[in-house]
Every structure is written in structure tokens, then in C-alpha cells.
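One file, work-v6.txt, carrying compact mmCIF, C-alpha atoms:
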# COMPACT_ATOMS: atom_id res chain seq x y z
CA MET K 1 92.77 -15.73 -41.91
CA GLU K 2 91.17 -14.47 -38.71
CA ASP K 3 92.26 -12.69 -35.56
CA CYS K 4 93.34 -15.27 -32.94
CA ARG K 5 93.26 -12.95 -29.91
CA ASN K 6 90.33 -14.70 -28.23
CA ALA K 7 92.04 -18.05 -28.75
CA ILE K 8 95.31 -16.72 -27.25
CA VAL K 9 93.43 -15.60 -24.14
CA SER K 10 91.60 -18.92 -23.91
CA TRP K 11 94.93 -20.79 -23.84
CA ALA K 12 96.40 -18.31 -21.35
CA ARG K 13 93.45 -18.96 -19.02
CA TRP K 14 93.56 -22.70 -19.68
CA GLY K 15 97.14 -22.72 -18.41
CA VAL K 16 96.13 -21.10 -15.13
CA ALA K 17 93.29 -23.58 -14.68
CA ASN K 18 95.70 -26.47 -15.31
CA HIS K 19 98.85 -25.09 -13.66
CA ALA K 20 99.34 -28.29 -11.64
CA GLY K 21 100.39 -29.98 -14.88
CA PHE K 22 103.20 -27.49 -15.58
CA THR K 23 106.88 -27.58 -14.63
CA TYR K 24 108.95 -24.40 -14.66
CA SER K 25 112.29 -24.72 -16.45
CA ASP K 26 114.56 -22.35 -18.36
CA GLY K 27 116.65 -25.28 -19.61
CA PRO K 28 116.93 -26.75 -23.11
CA ASN K 29 113.54 -28.51 -22.77
CA ARG K 30 111.69 -25.25 -22.10
CA MET K 31 109.88 -25.22 -25.48
CA GLU K 32 109.29 -28.91 -25.99
CA GLY K 33 105.54 -28.18 -25.94
CA ILE K 34 105.67 -26.68 -29.45
CA ASN K 35 103.30 -28.72 -31.65
CA LYS K 36 101.80 -30.32 -28.52
CA PRO K 37 98.83 -28.05 -27.75
CA GLY K 38 97.31 -28.77 -24.37
CA GLN K 39 99.48 -31.80 -23.70
CA LEU K 40 100.31 -32.28 -20.03
CA PRO K 41 102.70 -32.45 -18.29
CA CYS K 42 104.14 -29.33 -19.91
CA ILE K 43 107.57 -27.72 -19.40
CA CYS K 44 108.23 -24.02 -20.05
CA ASP K 45 109.42 -20.69 -18.74
CA CYS K 46 107.90 -17.22 -19.16
CA SER K 47 108.75 -16.56 -22.81
CA ALA K 48 108.03 -20.16 -23.79
CA TRP K 49 104.56 -19.79 -22.24
CA VAL K 50 103.93 -16.67 -24.34
CA THR K 51 105.09 -18.62 -27.41
CA TYR K 52 102.87 -21.60 -26.58
CA THR K 53 99.76 -19.46 -26.23
CA TYR K 54 100.33 -17.92 -29.66
CA HIS K 55 101.30 -21.17 -31.39
CA TRP K 56 98.53 -23.26 -29.83
CA ALA K 57 95.99 -20.53 -30.65
CA GLY K 58 96.83 -20.84 -34.36
CA VAL K 59 98.74 -17.56 -34.85
CA ASN K 60 100.77 -17.89 -38.06
CA THR K 61 103.71 -15.71 -37.04
CA ASP K 62 105.98 -16.66 -34.14
CA PRO K 63 106.14 -13.60 -31.82
CA ASN K 64 109.87 -14.33 -31.47
CA GLY K 65 110.39 -14.21 -35.23
CA GLN K 66 111.91 -17.70 -35.14
CA GLY K 67 109.28 -19.65 -37.06
CA TYR K 68 108.23 -21.61 -33.97
CA ASN K 69 111.51 -23.54 -34.04
CA GLY K 70 111.68 -23.87 -30.24
CA THR K 71 113.94 -20.87 -29.63
CA GLY K 72 113.35 -17.32 -28.49
CA TYR K 73 113.30 -15.40 -25.22
CA THR K 74 112.27 -12.01 -23.83
CA GLY K 75 114.84 -10.31 -26.06
CA THR K 76 113.40 -11.75 -29.28
CA LEU K 77 109.90 -10.78 -28.14
CA LEU K 78 111.11 -7.21 -27.65
CA GLU K 79 112.86 -7.29 -31.03
CA HIS K 80 109.80 -8.39 -32.99
CA GLY K 81 106.92 -6.76 -31.08
CA THR K 82 105.54 -3.28 -31.59
CA GLU K 83 105.65 -1.32 -28.35
CA ILE K 84 102.30 0.17 -27.25
CA THR K 85 101.06 2.11 -24.23
CA VAL K 86 99.00 0.63 -21.41
CA ASP K 87 96.01 2.61 -22.72
CA GLN K 88 96.27 0.72 -26.02
CA VAL K 89 96.56 -2.75 -24.48
CA GLN K 90 94.10 -5.44 -25.53
CA PRO K 91 93.74 -9.02 -24.30
CA GLY K 92 96.25 -11.12 -26.21
CA ASP K 93 99.01 -8.52 -26.08
CA VAL K 94 102.23 -9.22 -24.17
CA ILE K 95 104.20 -7.45 -21.45
CA VAL K 96 107.96 -7.69 -20.91
CA TYR K 97 109.33 -6.55 -17.55
CA GLY K 98 112.83 -5.37 -16.76
CA PRO K 99 115.67 -3.49 -18.46
CA GLY K 100 117.78 -4.49 -21.44
CA THR K 101 116.57 -7.66 -23.11
CA GLY K 102 114.01 -8.16 -20.33
CA GLU K 103 113.64 -10.30 -17.24
CA HIS K 104 110.10 -11.68 -17.55
CA ALA K 105 107.21 -11.87 -20.02
CA ALA K 106 103.50 -12.58 -19.63
CA VAL K 107 100.29 -12.67 -21.69
CA ILE K 108 97.61 -10.02 -21.07
CA VAL K 109 94.20 -11.57 -20.38
CA GLU K 110 92.38 -8.44 -19.18
CA ALA K 111 93.12 -4.85 -20.24
CA GLY K 112 92.80 -1.72 -18.11
CA PRO K 113 95.04 0.59 -16.07
CA ASP K 114 96.44 -2.44 -14.20
CA PRO K 115 96.21 -5.32 -16.68
CA LEU K 116 95.77 -8.93 -15.54
CA THR K 117 98.29 -11.40 -16.95
CA SER K 118 98.77 -15.13 -17.27
CA SER K 119 102.32 -15.44 -15.93
CA MET K 120 104.75 -18.39 -15.87
CA GLY K 121 107.47 -17.13 -13.54
CA GLU K 122 108.10 -19.96 -11.08
CA GLN K 123 107.10 -23.48 -10.14
CA GLY K 124 103.34 -23.57 -9.49
CA ASP K 125 102.54 -21.21 -12.38
CA PRO K 126 100.92 -20.24 -14.74
CA ASN K 127 98.96 -17.95 -12.44
CA TYR K 128 97.08 -14.69 -12.69
CA VAL K 129 99.29 -11.71 -11.77
CA ARG K 130 98.39 -8.03 -11.97
CA VAL K 131 101.10 -5.89 -13.53
CA SER K 132 101.29 -3.88 -10.29
CA GLN K 133 101.88 -7.08 -8.32
CA ASP K 134 104.99 -7.91 -10.34
CA GLY K 135 106.20 -4.32 -10.34
CA ARG K 136 109.48 -4.72 -12.22
CA GLN K 137 110.48 -1.76 -14.37
CA PRO K 138 110.47 -0.82 -17.14
CA GLN K 139 107.19 -2.36 -18.26
CA ARG K 140 107.01 -2.66 -22.03
CA TYR K 141 103.71 -3.65 -23.63
CA LEU K 142 104.02 -5.36 -27.01
CA ARG K 143 101.68 -6.09 -29.89
CA PHE K 144 102.22 -8.84 -32.44
CA ASP K 145 100.53 -10.06 -35.59
CA THR K 146 97.73 -12.28 -34.27
CA GLN K 147 96.32 -13.44 -37.62
CA GLY K 148 95.90 -17.13 -38.31
CA THR K 149 93.42 -19.96 -37.93
CA PRO K 150 92.00 -19.77 -34.40
CA HIS K 151 92.24 -22.88 -32.23
CA THR K 152 90.49 -22.25 -28.91
CA ALA K 153 91.67 -24.03 -25.77
CA PRO K 154 89.61 -26.84 -24.28
CA GLN K 155 87.05 -25.81 -21.71
CA PRO K 156 88.98 -25.19 -18.48
CA ALA K 157 88.54 -27.60 -15.66
CA PRO K 158 86.34 -26.38 -12.80
CA PRO K 159 88.28 -23.96 -10.59
CA ALA K 160 90.02 -25.50 -7.64
CA PRO K 161 88.49 -24.90 -4.23
CA ALA K 162 89.84 -21.81 -2.50
CA LYS K 163 93.01 -22.55 -0.60
CA LYS K 164 92.59 -22.88 3.18
CA TRP K 165 95.56 -21.17 4.81
CA THR K 166 97.07 -22.50 8.02
CA GLY K 167 99.79 -21.10 10.26
CA PRO K 168 100.31 -18.50 12.97
CA ASN K 169 98.35 -15.28 12.63
CA HIS K 170 101.00 -12.89 13.90
CA LEU K 171 104.72 -12.21 14.13
CA SER K 172 106.14 -10.68 17.32
CA VAL K 173 109.35 -8.77 18.05
CA ASP K 174 112.51 -10.61 16.88
CA GLN K 175 110.46 -13.34 15.19
CA ARG K 176 111.29 -14.16 11.59
CA LEU K 177 109.31 -15.48 8.65
CA ILE K 178 111.61 -17.20 6.16
CA ALA K 179 111.01 -18.03 2.50
CA GLY K 180 108.36 -20.70 2.09
CA ASN K 181 106.54 -19.82 5.33
CA ASN K 182 103.39 -17.79 5.89
CA LEU K 183 101.02 -16.21 8.35
CA ALA K 184 97.33 -17.17 8.12
CA SER K 185 94.20 -15.36 9.20
CA PRO K 186 92.32 -17.16 12.00
CA ASN K 187 89.49 -18.02 9.58
CA GLY K 188 91.95 -19.53 7.08
CA GLN K 189 90.83 -17.32 4.20
CA TYR K 190 93.94 -15.13 3.92
CA GLY K 191 97.63 -16.01 3.75
CA PHE K 192 100.63 -13.68 4.03
CA CYS K 193 103.41 -15.63 2.31
CA VAL K 194 107.17 -15.06 1.99
CA GLN K 195 107.78 -16.70 -1.38
CA GLY K 196 110.90 -18.38 -2.71
CA ASP K 197 111.15 -15.81 -5.51
CA GLY K 198 111.71 -12.99 -2.98
CA ASN K 199 108.20 -11.57 -3.16
CA VAL K 200 105.93 -11.30 -0.11
CA VAL K 201 102.33 -11.78 -1.23
CA LEU K 202 98.97 -11.54 0.53
CA TYR K 203 96.45 -14.04 -0.82
CA ASN K 204 92.69 -14.29 -0.53
CA GLY K 205 92.40 -18.03 -1.01
CA ASN K 206 94.27 -18.62 -4.29
CA SER K 207 94.18 -15.00 -5.48
CA PRO K 208 96.96 -12.46 -4.82
CA ILE K 209 95.64 -9.13 -3.54
CA TRP K 210 98.83 -7.34 -2.36
CA ALA K 211 102.60 -7.76 -2.73
CA THR K 212 105.91 -6.15 -1.82
CA ASN K 213 107.04 -6.37 -5.48
CA THR K 214 110.47 -7.70 -4.53
CA ARG K 215 110.81 -10.65 -6.92
CA GLY K 216 114.27 -11.78 -7.94
CA HIS K 217 115.91 -12.43 -4.57
CA ALA K 218 116.67 -15.80 -2.98
CA ASN K 219 116.55 -16.77 0.72
CA VAL K 220 114.71 -13.66 1.88
CA TRP K 221 113.39 -13.31 5.43
CA LEU K 222 110.96 -10.99 7.21
CA ILE K 223 111.44 -9.79 10.78
CA VAL K 224 109.66 -7.58 13.30
CA GLN K 225 112.53 -5.53 14.69
CA GLN K 226 112.82 -4.19 18.23
CA ASP K 227 112.41 -0.65 16.89
CA GLY K 228 108.94 -1.55 15.56
CA ASN K 229 109.94 -1.70 11.89
CA VAL K 230 109.01 -4.78 9.86
CA VAL K 231 111.79 -5.41 7.33
CA LEU K 232 112.37 -7.85 4.47
CA TYR K 233 116.04 -8.79 4.05
CA ASP K 234 117.86 -10.74 1.34
CA ALA K 235 120.49 -13.44 1.95
CA THR K 236 123.21 -10.80 2.42
CA ASN K 237 121.14 -8.96 5.05
CA LYS K 238 120.38 -6.13 2.64
CA PRO K 239 116.96 -4.56 3.34
CA LEU K 240 114.59 -4.88 0.37
CA TRP K 241 111.36 -3.50 1.82
CA SER K 242 109.98 -2.25 5.13
CA THR K 243 106.84 -0.87 6.74
CA GLN K 244 108.84 2.19 7.93
CA THR K 245 107.20 2.02 11.34
CA HIS K 246 108.48 2.60 14.85
CA GLY K 247 107.08 1.65 18.24
CA GLN K 248 107.80 -0.67 21.13
CA ASN K 249 106.38 -4.21 21.35
CA ALA K 250 105.29 -4.17 17.71
CA GLN K 251 103.42 -7.07 16.20
CA LEU K 252 102.54 -7.94 12.59
CA SER K 253 99.06 -9.49 12.42
CA ILE K 254 96.87 -10.89 9.65
CA GLN K 255 93.17 -10.42 10.30
CA ASP K 256 89.97 -12.15 9.22
CA ASP K 257 88.97 -9.05 7.22
CA GLY K 258 91.99 -9.48 4.91
CA ASN K 259 94.07 -6.66 6.36
CA VAL K 260 97.67 -7.16 7.51
CA VAL K 261 98.47 -4.65 10.26
CA VAL K 262 101.46 -3.56 12.33
CA TYR K 263 100.35 -2.83 15.88
CA ALA K 264 102.54 -1.04 18.42
CA ALA K 265 101.95 -0.51 22.15
CA GLN K 266 98.35 -0.06 23.31
CA HIS K 267 97.21 -1.82 20.12
CA GLN K 268 97.94 1.27 18.04
CA ALA K 269 97.92 0.52 14.29
CA THR K 270 101.01 2.04 12.62
CA TRP K 271 100.80 0.43 9.16
CA SER K 272 98.53 -1.83 7.11
CA THR K 273 98.12 -3.33 3.65
CA GLN K 274 94.70 -1.61 3.41
CA THR K 275 93.18 -4.76 1.93
CA GLN K 276 90.21 -5.26 4.21
CA GLY K 277 87.31 -6.79 2.32
CA LYS K 278 89.35 -7.61 -0.81
Written form, C-alpha cells:
Amino acid sequence: MEDCRNAIVSWARWGVANHAGFTYSDGPNRMEGINKPGQLPCICDCSAWVTYTYHWAGVNTDPNGQGYNGTGYTGTLLEHGTEITVDQVQPGDVIVYGPGTGEHAAVIVEAGPDPLTSSMGEQGDPNYVRVSQDGRQPQRYLRFDTQGTPHTAPQPAPPAPAKKWTGPNHLSVDQRLIAGNNLASPNGQYGFCVQGDGNVVLYNGNSPIWATNTRGHANVWLIVQQDGNVVLYDATNKPLWSTQTHGQNAQLSIQDDGNVVVYAAQHQATWSTQTQGK
């Protein structure tokens, strides 16, 4: 037997490169890809994606402890994994976010103080997500037995061209940005998107570079208030996040340098994402 870590990571990256062939579902068909390595279209949710990467990579032991029988979830991953610290993380390890039996799981593809994951959390995934971009607490890193007969993923398809963002480049007082809509920098390189999962994410092309870390809320909306504060509300009008700014005639703008800035009167900057050049 050999260590299958490199094969796990190759499948995790393969999923990102081929995310257009995936459908997100937490229904009874969520693990139908067991014994179908690399077969598209593919249906799964977060814990099923973790399971696929291990099974397709040739790992003998199901990380859920279920013998790859098509069952398991974040709770079984927590039950059968050995918890480690972020300093001990290696590519091929797993993270589970959230309290109790967990809310979300992802595969680590790059270690470090802010690991990069291959995450299947919504339609359009798997995608690369930094742990800090998800943000849910607690964050439990897990290690599993990765011994088996390695089966590396097929060579990923060439990366898709960088997304060209379109849309308005600013939001003025009393204007709202609802879920599914975005601002776009004038050059089209950057997009500031209010997502259907409740997170507001700043993208450079296809890559996320900043987020409000507010996943888990439906029908959110962002508004520039008359007091100069930019606030994200949920469907019950509960504030989830804000820039904590004040000033008349405020405006939220996305710039060609990748920075999103709140400007008050006399073009005074009162807040920014500090992402210029990223």
C-alpha cells in the first residue's frame, strides 16, 4: 500500500477544473458517484465530495467509516477523523466547519496559515475557497488514513478564461444590491457579488479575494443607507454585516485596481476592502 494524498489532491483539483459538470444536491442521490470515478455529470454535496476524492484516489478506508456504502455526512467525518491543528495540516486533510456535527466540509489542497480548499457548497462548485473566506466557526481540521492504491485524476482541462464581469460600478444612497446581482469594475476584471448563499464576495476574474463570511442566509440584500453605512440584511431585515461608516451622500464603488471603497462627501474614503492589486 502507498500514501494516496497526492491522488486525493489531484481529484480535488480535477473537480474544480470540471465544476461545470457537477450538480449540488443533499438529497438521496448525493453519493451516486461512488464507484464512478471522474464520470460526469456528477451529483454530490460537501461531505460526498470529500468521500469521492478519497474513494476515487484509491484510499482503502472510507473517511466516514461506512465502507464506501454511499452514506456519511459531516458528523461521520468528525467521528472517524483525528483532529489536528492548522500547523499540522497537509494537502489531503479535511476541514469541517460549524458547531455540533458540522455544517460544511472541504478537502485541503494547499497547507499554510490560511489553507486553500476544494469546496462543494453550492451549485457551481467545486471551487477553491480559502478557510478565511468561509469563516464559519469552529474550524476542525481532520486527518484520516490515506493508505491504499493511488489512482490519480485525469489531467485537468485547460483553465477557463477569466470571467469578464459586467454591471454597474457603484451603489448610491438608498440603492440595493439583491442576491444574484453584482457590481463590476469598469475594466471588467473585478466583480463584487451578493451570492445566493448569503455571502458577499469580491472576485478577480474567477478567483475570490475577499468576502463578508456570511454564508447560510437566504434572500440577503445590500444597501447604502442615508447615514453612510453600507449594510447587508437577511430576509427578516436583520443586519448581518456592515462597513460601520457614516457620512452624507455615501457611495460604494468598485475600482479597476480591485479595491471596493465607500466614499462620503468630497470623495473622502471611509472604508475599503484593501484588495488593490490582488
Using only C-alpha atoms, which residues of region 128-223 of chain K come within 12 Å of region 254-270 of chain K, and what is the closest atom pair for each, with the distance in Å to one decimal? Give it as a Markdown table, sorted by chain and residue number.
| residue | atom | partner | partner_atom | distance |
| --- | --- | --- | --- | --- |
| K:Trp165 | CA | K:Ile254 | CA | 11.4 |
| K:Thr166 | CA | K:Ile254 | CA | 11.7 |
| K:Gly167 | CA | K:Ile254 | CA | 10.6 |
| K:Pro168 | CA | K:Ile254 | CA | 9.0 |
| K:Asn169 | CA | K:Ile254 | CA | 5.5 |
| K:His170 | CA | K:Ile254 | CA | 6.3 |
| K:Leu171 | CA | K:Ile254 | CA | 9.1 |
| K:Ser172 | CA | K:Tyr263 | CA | 9.9 |
| K:Val173 | CA | K:Ala264 | CA | 10.3 |
| K:Asn182 | CA | K:Ile254 | CA | 10.2 |
| K:Leu183 | CA | K:Ile254 | CA | 6.9 |
| K:Ala184 | CA | K:Ile254 | CA | 6.5 |
| K:Ser185 | CA | K:Gln255 | CA | 5.2 |
| K:Pro186 | CA | K:Asp256 | CA | 6.2 |
| K:Asn187 | CA | K:Asp256 | CA | 5.9 |
| K:Gly188 | CA | K:Asp256 | CA | 7.9 |
| K:Gln189 | CA | K:Asp256 | CA | 7.3 |
| K:Tyr190 | CA | K:Gly258 | CA | 6.1 |
| K:Gly191 | CA | K:Ile254 | CA | 7.8 |
| K:Phe192 | CA | K:Ile254 | CA | 7.3 |
| K:Cys193 | CA | K:Ile254 | CA | 10.9 |
| K:Val200 | CA | K:Val260 | CA | 12.0 |
| K:Val201 | CA | K:Val260 | CA | 10.9 |
| K:Leu202 | CA | K:Val260 | CA | 8.3 |
| K:Tyr203 | CA | K:Gly258 | CA | 8.6 |
| K:Asn204 | CA | K:Gly258 | CA | 7.3 |
| K:Gly205 | CA | K:Gly258 | CA | 10.4 |
| K:Ser207 | CA | K:Gly258 | CA | 12.0 |
| K:Pro208 | CA | K:Gly258 | CA | 11.3 |
| K:Ile209 | CA | K:Gly258 | CA | 9.2 |
| K:Trp210 | CA | K:Val260 | CA | 9.9 |
| K:Ala211 | CA | K:Val260 | CA | 11.4 |
| K:Ile223 | CA | K:Val262 | CA | 11.9 |
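Within 8 Å of Ser118 (chain K), once only C-alpha atoms are used and residues closer than 4 positions along the same chain are dropped, the contacting residues are Ala12, Arg13, Gly15, Val16, Ala106, Val107, Ile108, Val109, Pro126, Asn127, Tyr128 and Val129 of chain K.
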Can you tell me, as lines of an AutoDock Vina configuration file, the centre and edge lengths (Å, one decimal) of the axis-aligned box enclosing all of region 228-247 of chain K's listed atoms after padding each side by 4 Å?
center_x = 115.0
center_y = -5.4
center_z = 9.3
size_x = 24.4
size_y = 24.0
size_z = 25.9
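Among the candidates K:Gly72, K:Gly58, K:Gly121, K:Pro63, the residue lying nearest to Phe22 (chain K) is K:Gly121 (atoms considered: only C-alpha atoms).
Among the candidates K:Tyr52, K:Trp221, K:Tyr24, K:Tyr73, the residue lying nearest to Asp125 (chain K) is K:Tyr24 (atoms considered: all atoms listed in the file).
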Show me, as a PyMOL selection string, the residues that have an atom within 10 Å of Gly27 (chain K) when counting only C-alpha atoms, minus same-chain residues fewer than 5 positions from it. chain K and resi 43-45
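With CA of Asn219 (chain K) on one side and CA of Leu232 (chain K) on the other, the separation reads 10.5 Å.
Among the candidates K:Ser10, K:Gln139, K:Thr245, K:Thr152, the one nearest to Ile95 (chain K) when counting all atoms listed in the file is K:Gln139.
Pairwise distance (CA of Ser272 (chain K), CA of Asn213 (chain K)) equals 15.9 Å.
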Have a look at CA of Tyr68 (chain K) and CA of Ala17 (chain K) and let me know their distance in Å, one decimal. 24.5 Å
Find the residue from K:Gly180, K:Ala153, K:Thr74, K:Gly21 that sits nearest to Gln195 (chain K); use all atoms listed in the file when measuring. K:Gly180
Using only C-alpha atoms, the residue out of K:Asp174, K:Asp26, K:Asp227, K:Asp134 with shortest distance to Leu116 (chain K) is K:Asp134
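Minimum atom-to-atom distances from K:His55, K:Val220, K:Arg215, K:Pro28 to Asn237 (chain K) were compared using all atoms listed in the file, and the lowest value belongs to K:Val220.
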Name the residues in contact with Asp145 (chain K) at a cut-off of 10 Å, using only C-alpha atoms, excluding same-chain residues fewer than 3 positions from it; report them as a PyMOL selection string. chain K and resi 3-5+54+59-63+80-82+93+148
